[in-house]
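Peer 1: Here it is, the structure, as structure tokens.
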Amino acid sequence: MKKITIAVDGYSSTGKSTIAKQLAKALEYVYVDTGAMYRAVTLFAMQGGFIDADTFKVQAFLKVLPTIRLKFVYNEALGFAEMHLNGKNVEKEIRTMEVSRLVSKIAAISEVRQLLVAQQQKMGKDKGIVMDGRDIGTVVFPDAELKLFMTASPEKRATRRYKELLERGDKVQYEEVLKNVQERDHIDSTRKDSPLTKATDAIVFDNSDMGLDEQFDRVYDYAKRII
Ligand code: C5P
């Protein structure tokens with residue numbers, strides 16, 4: 001079977017990772033969640049005391065940035081790879097609201113993007129990959145054979161994310177989640193370096209009123225037409 005590169009970009013909490021994971025499984029491709037990498041760098045900055053709600057010691061942070069080690073480790077039982085930061089599984093910690101509040105500030109830094117984009121390009125050099133993020137079809141793999149751009153109303157997205165957080169036991173308010181989704185979209189779309197934008201050749205996929213099965217069938221069909 002022909003191996004291609006599939007880029008899944010879009011706004012926060014549009015279900016990119018769910019669909020990308022399903023697609024990778026069905027095609028026996030590698031799945032990479034690039035948001036997890038930006039989240040892990042954010043956790044690293046938080047743990048080092050370089051960033052909190054009020055302060056951001058950018059220069060000091062950039063000095064230690066090259067020491068960071070990120071690795072996806074496949075978890076057989078879960079059926080997907082978990083993020084490890086400097087040898088420690090941080091999959092749960094990177095999904096908290098605290099990290100969500102700060103991640104877009106970290107992701108706007110060019111040095112961070114250069115480091116992570118290089119790693120992402122290496123992971124996808126042999127194709128046979130589904131990668132989700134914000135700049136995959138525009139910057140990481142501009143030549144990807146299939147590009148999807150996912151969107152849904154902010155309220156639908158916040159509701160999904162709110163349910164996910166509650167299921168994980170996080171005590172959050174819906175309003176807070178909605179605000180975070182909107183803030184991240186704003187920072188991600190307006191930053192100077194690789195802003196979130198639809199690649200000209202991406203297929204727009206609005207899943208506000210679409211169930212998971214229908215989404216998967218459509219996306220799988222797009223992929224099969226190329227492969
Ligand atoms: O995908 P997720 O919502 O986990 O991503 C968290 C944040 O990481 C995004 O809001 C964005 O700021 C950043 N990100 C990015 N580029 C990517 C993936 C994520 O800037 N390719």
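If you're wondering about the labels, chains in the structure tokens are A, B, ... by order shown, residues count from 1 in each chain, ligands from 1 in order shown.
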Write as a PyMOL selection string the residues around ligand 1, taking 6 Å as the cut-off and counting only C-alpha atoms and all ligand atoms.
Peer 2: chain A and resi 12+34-36+38-39+103-104+107+133-136+184+188
Peer 1: Env of A:Ala202: 10 Å cut, atoms = only C-alpha atoms, seq-sep filter 6 positions within chain, self excluded. Answer as a list of chain:residue names.
Peer 2: A:Ala7, A:Val8, A:Asp9, A:Gly137, A:Thr138, A:Ala144, A:Glu145, A:Leu146, A:Lys147, A:Leu148, A:Phe149, A:Met150
Peer 1: Please produce a file of those selected residues containing all heavy atoms, as an mmCIF file, in the first residue's frame.
Peer 2:
```
data_model
loop_
_atom_site.group_PDB
_atom_site.id
_atom_site.type_symbol
_atom_site.label_atom_id
_atom_site.label_comp_id
_atom_site.auth_asym_id
_atom_site.auth_seq_id
_atom_site.Cartn_x
_atom_site.Cartn_y
_atom_site.Cartn_z
ATOM 1 N N ALA A 7 -1.977 15.398 7.207
ATOM 2 C CA ALA A 7 -1.875 16.517 8.154
ATOM 3 C C ALA A 7 -3.283 16.883 8.633
ATOM 4 O O ALA A 7 -4.168 17.118 7.818
ATOM 5 C CB ALA A 7 -1.238 17.711 7.449
ATOM 6 N N VAL A 8 -3.457 16.907 9.953
ATOM 7 C CA VAL A 8 -4.765 17.285 10.512
ATOM 8 C C VAL A 8 -4.564 18.531 11.372
ATOM 9 O O VAL A 8 -3.957 18.469 12.445
ATOM 10 C CB VAL A 8 -5.359 16.134 11.375
ATOM 11 C CG1 VAL A 8 -6.750 16.516 11.884
ATOM 12 C CG2 VAL A 8 -5.422 14.829 10.584
ATOM 13 N N ASP A 9 -5.018 19.663 10.874
ATOM 14 C CA ASP A 9 -4.884 20.917 11.622
ATOM 15 C C ASP A 9 -6.259 21.440 11.994
ATOM 16 O O ASP A 9 -7.283 20.946 11.510
ATOM 17 C CB ASP A 9 -4.166 21.965 10.758
ATOM 18 C CG ASP A 9 -2.702 21.644 10.572
ATOM 19 O OD1 ASP A 9 -1.999 21.499 11.583
ATOM 20 O OD2 ASP A 9 -2.259 21.511 9.411
ATOM 21 N N GLY A 137 0.028 21.163 7.986
ATOM 22 C CA GLY A 137 -0.141 21.291 6.540
ATOM 23 C C GLY A 137 0.503 22.536 5.954
ATOM 24 O O GLY A 137 0.720 22.623 4.750
ATOM 25 N N THR A 138 0.804 23.511 6.818
ATOM 26 C CA THR A 138 1.377 24.763 6.307
ATOM 27 C C THR A 138 2.902 24.806 6.451
ATOM 28 O O THR A 138 3.595 25.310 5.576
ATOM 29 C CB THR A 138 0.792 25.979 7.066
ATOM 30 O OG1 THR A 138 0.901 25.731 8.470
ATOM 31 C CG2 THR A 138 -0.660 26.235 6.684
ATOM 32 N N ALA A 144 2.220 17.484 2.241
ATOM 33 C CA ALA A 144 1.384 16.338 2.655
ATOM 34 C C ALA A 144 0.332 16.064 1.578
ATOM 35 O O ALA A 144 -0.258 16.990 1.020
ATOM 36 C CB ALA A 144 0.710 16.644 3.986
ATOM 37 N N GLU A 145 0.110 14.777 1.319
ATOM 38 C CA GLU A 145 -0.835 14.395 0.255
ATOM 39 C C GLU A 145 -2.281 14.651 0.654
ATOM 40 O O GLU A 145 -3.135 14.902 -0.184
ATOM 41 C CB GLU A 145 -0.682 12.909 -0.084
ATOM 42 C CG GLU A 145 0.596 12.552 -0.834
ATOM 43 C CD GLU A 145 1.777 12.307 0.098
ATOM 44 O OE1 GLU A 145 1.685 12.612 1.302
ATOM 45 O OE2 GLU A 145 2.803 11.814 -0.396
ATOM 46 N N LEU A 146 -2.558 14.551 1.969
ATOM 47 C CA LEU A 146 -3.926 14.830 2.439
ATOM 48 C C LEU A 146 -3.854 15.794 3.617
ATOM 49 O O LEU A 146 -3.136 15.556 4.590
ATOM 50 C CB LEU A 146 -4.622 13.527 2.879
ATOM 51 C CG LEU A 146 -6.029 13.673 3.473
ATOM 52 C CD1 LEU A 146 -7.014 14.307 2.495
ATOM 53 C CD2 LEU A 146 -6.576 12.307 3.923
ATOM 54 N N LYS A 147 -4.587 16.906 3.487
ATOM 55 C CA LYS A 147 -4.610 17.908 4.559
ATOM 56 C C LYS A 147 -6.054 18.162 4.965
ATOM 57 O O LYS A 147 -6.890 18.447 4.100
ATOM 58 C CB LYS A 147 -4.006 19.230 4.079
ATOM 59 C CG LYS A 147 -2.560 19.127 3.663
ATOM 60 C CD LYS A 147 -2.045 20.481 3.213
ATOM 61 C CE LYS A 147 -0.653 20.351 2.631
ATOM 62 N NZ LYS A 147 -0.126 21.645 2.165
ATOM 63 N N LEU A 148 -6.300 18.064 6.263
ATOM 64 C CA LEU A 148 -7.645 18.349 6.766
ATOM 65 C C LEU A 148 -7.558 19.543 7.688
ATOM 66 O O LEU A 148 -6.587 19.686 8.439
ATOM 67 C CB LEU A 148 -8.172 17.157 7.573
ATOM 68 C CG LEU A 148 -8.270 15.823 6.835
ATOM 69 C CD1 LEU A 148 -8.588 14.715 7.820
ATOM 70 C CD2 LEU A 148 -9.332 15.895 5.754
ATOM 71 N N PHE A 149 -8.548 20.388 7.624
ATOM 72 C CA PHE A 149 -8.607 21.526 8.540
ATOM 73 C C PHE A 149 -9.929 21.435 9.293
ATOM 74 O O PHE A 149 -10.999 21.594 8.715
ATOM 75 C CB PHE A 149 -8.504 22.851 7.772
ATOM 76 C CG PHE A 149 -8.324 24.027 8.688
ATOM 77 C CD1 PHE A 149 -7.059 24.375 9.142
ATOM 78 C CD2 PHE A 149 -9.418 24.767 9.119
ATOM 79 C CE1 PHE A 149 -6.893 25.459 10.002
ATOM 80 C CE2 PHE A 149 -9.251 25.843 9.983
ATOM 81 C CZ PHE A 149 -7.980 26.189 10.422
ATOM 82 N N MET A 150 -9.827 21.119 10.589
ATOM 83 C CA MET A 150 -11.024 20.843 11.371
ATOM 84 C C MET A 150 -11.518 22.081 12.113
ATOM 85 O O MET A 150 -10.737 22.833 12.698
ATOM 86 C CB MET A 150 -10.733 19.758 12.418
ATOM 87 C CG MET A 150 -9.965 18.588 11.883
ATOM 88 S SD MET A 150 -10.888 17.085 11.654
ATOM 89 C CE MET A 150 -11.706 16.841 13.165
#
```
Peer 1: Using only C-alpha atoms, which protein or nucleic acid residues come within 10 Å of stretch 172-177 of chain A? Drop anything in the same chain fewer than 3 positions from it, and give the result as a PyMOL selection string.
Peer 2: chain A and resi 96-97+100-101+155+157-163+165-166+169+180-183
Peer 1: Near A:Tyr31, within 7 Å and counting only C-alpha atoms, which residues show up once chain neighbours fewer than 3 positions away are dropped, as a VMD selection string?
Peer 2: chain A and resid 20 to 21 24 129 to 131
Peer 1: Tell me which protein, DNA and RNA residues are within 10 Å of stretch 77-84 of chain A, counting only C-alpha atoms, leaving out same-chain ones fewer than 4 positions away, and put them as a list of chain:residue names.
Peer 2: A:Lys21, A:Lys25, A:Val30, A:Tyr31, A:Val32, A:Asp33, A:Ala36, A:Met37, A:Arg39, A:Ala40, A:Arg69, A:Leu70, A:Lys71, A:Phe72, A:Val73, A:Lys88, A:Asn89, A:Val90, A:Glu91, A:Lys92, A:Glu93, A:Ile94
Peer 1: Could you pull out the helix (DSSP H, G or I) residues of stretch 66-186 of chain A from DSSP and send them as a VMD selection string?
Peer 2: chain A and resid 66 to 67 93 to 95 97 to 107 110 to 123 136 to 140 154 to 167 174 to 186
Peer 1: Please, could you write that set of residues out with C-alpha atoms as a tab-separated table (two decimals), in the first residue's frame?
Peer 2:
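And here's out.tsv as it stands now:
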```tsv
chain	number	residue	atom	x	y	z
A	66	PRO	CA	18.11	22.58	24.46
A	67	THR	CA	18.32	20.19	27.45
A	93	GLU	CA	0.05	16.34	33.67
A	94	ILE	CA	0.19	17.92	30.21
A	95	ARG	CA	-3.60	17.78	29.84
A	97	MET	CA	-6.08	23.41	32.66
A	98	GLU	CA	-2.91	24.93	34.10
A	99	VAL	CA	-0.93	23.76	31.09
A	100	SER	CA	-3.75	24.73	28.71
A	101	ARG	CA	-3.68	28.27	30.08
A	102	LEU	CA	0.02	28.75	29.30
A	103	VAL	CA	0.74	26.56	26.29
A	104	SER	CA	-0.10	29.08	23.57
A	105	LYS	CA	2.41	31.55	25.02
A	106	ILE	CA	5.14	28.92	24.85
A	107	ALA	CA	4.04	27.84	21.36
A	110	SER	CA	10.12	30.81	17.45
A	111	GLU	CA	12.95	28.87	19.14
A	112	VAL	CA	10.42	26.41	20.57
A	113	ARG	CA	8.76	25.97	17.18
A	114	GLN	CA	12.06	25.43	15.38
A	115	LEU	CA	13.06	22.71	17.84
A	116	LEU	CA	9.74	20.88	17.67
A	117	VAL	CA	9.16	21.26	13.92
A	118	ALA	CA	12.60	19.66	13.26
A	119	GLN	CA	11.67	16.70	15.48
A	120	GLN	CA	8.26	16.36	13.79
A	121	GLN	CA	9.78	16.39	10.31
A	122	LYS	CA	12.19	13.65	11.37
A	123	MET	CA	9.32	11.51	12.70
A	136	ILE	CA	1.29	20.63	10.00
A	137	GLY	CA	-0.14	21.29	6.54
A	138	THR	CA	1.38	24.76	6.31
A	139	VAL	CA	4.85	24.43	7.85
A	140	VAL	CA	5.80	20.92	8.98
A	154	PRO	CA	-16.52	27.39	20.05
A	155	GLU	CA	-19.45	26.24	22.24
A	156	LYS	CA	-19.42	22.71	20.81
A	157	ARG	CA	-15.67	22.51	21.25
A	158	ALA	CA	-15.75	23.83	24.81
A	159	THR	CA	-18.51	21.35	25.71
A	160	ARG	CA	-16.42	18.43	24.41
A	161	ARG	CA	-13.34	19.59	26.27
A	162	TYR	CA	-15.32	20.28	29.45
A	163	LYS	CA	-16.71	16.71	29.43
A	164	GLU	CA	-13.24	15.28	28.84
A	165	LEU	CA	-11.80	17.21	31.78
A	166	LEU	CA	-14.68	16.24	34.08
A	167	GLU	CA	-14.28	12.58	33.11
A	174	TYR	CA	-17.64	25.34	31.62
A	175	GLU	CA	-17.13	29.11	31.27
A	176	GLU	CA	-13.45	28.76	32.10
A	177	VAL	CA	-13.01	26.06	29.44
A	178	LEU	CA	-14.84	28.15	26.82
A	179	LYS	CA	-12.66	31.15	27.63
A	180	ASN	CA	-9.51	29.04	27.34
A	181	VAL	CA	-10.54	27.58	23.97
A	182	GLN	CA	-11.24	31.08	22.62
A	183	GLU	CA	-8.05	32.56	24.04
A	184	ARG	CA	-5.88	29.79	22.63
A	185	ASP	CA	-7.49	30.12	19.20
A	186	HIS	CA	-6.83	33.86	19.28
```
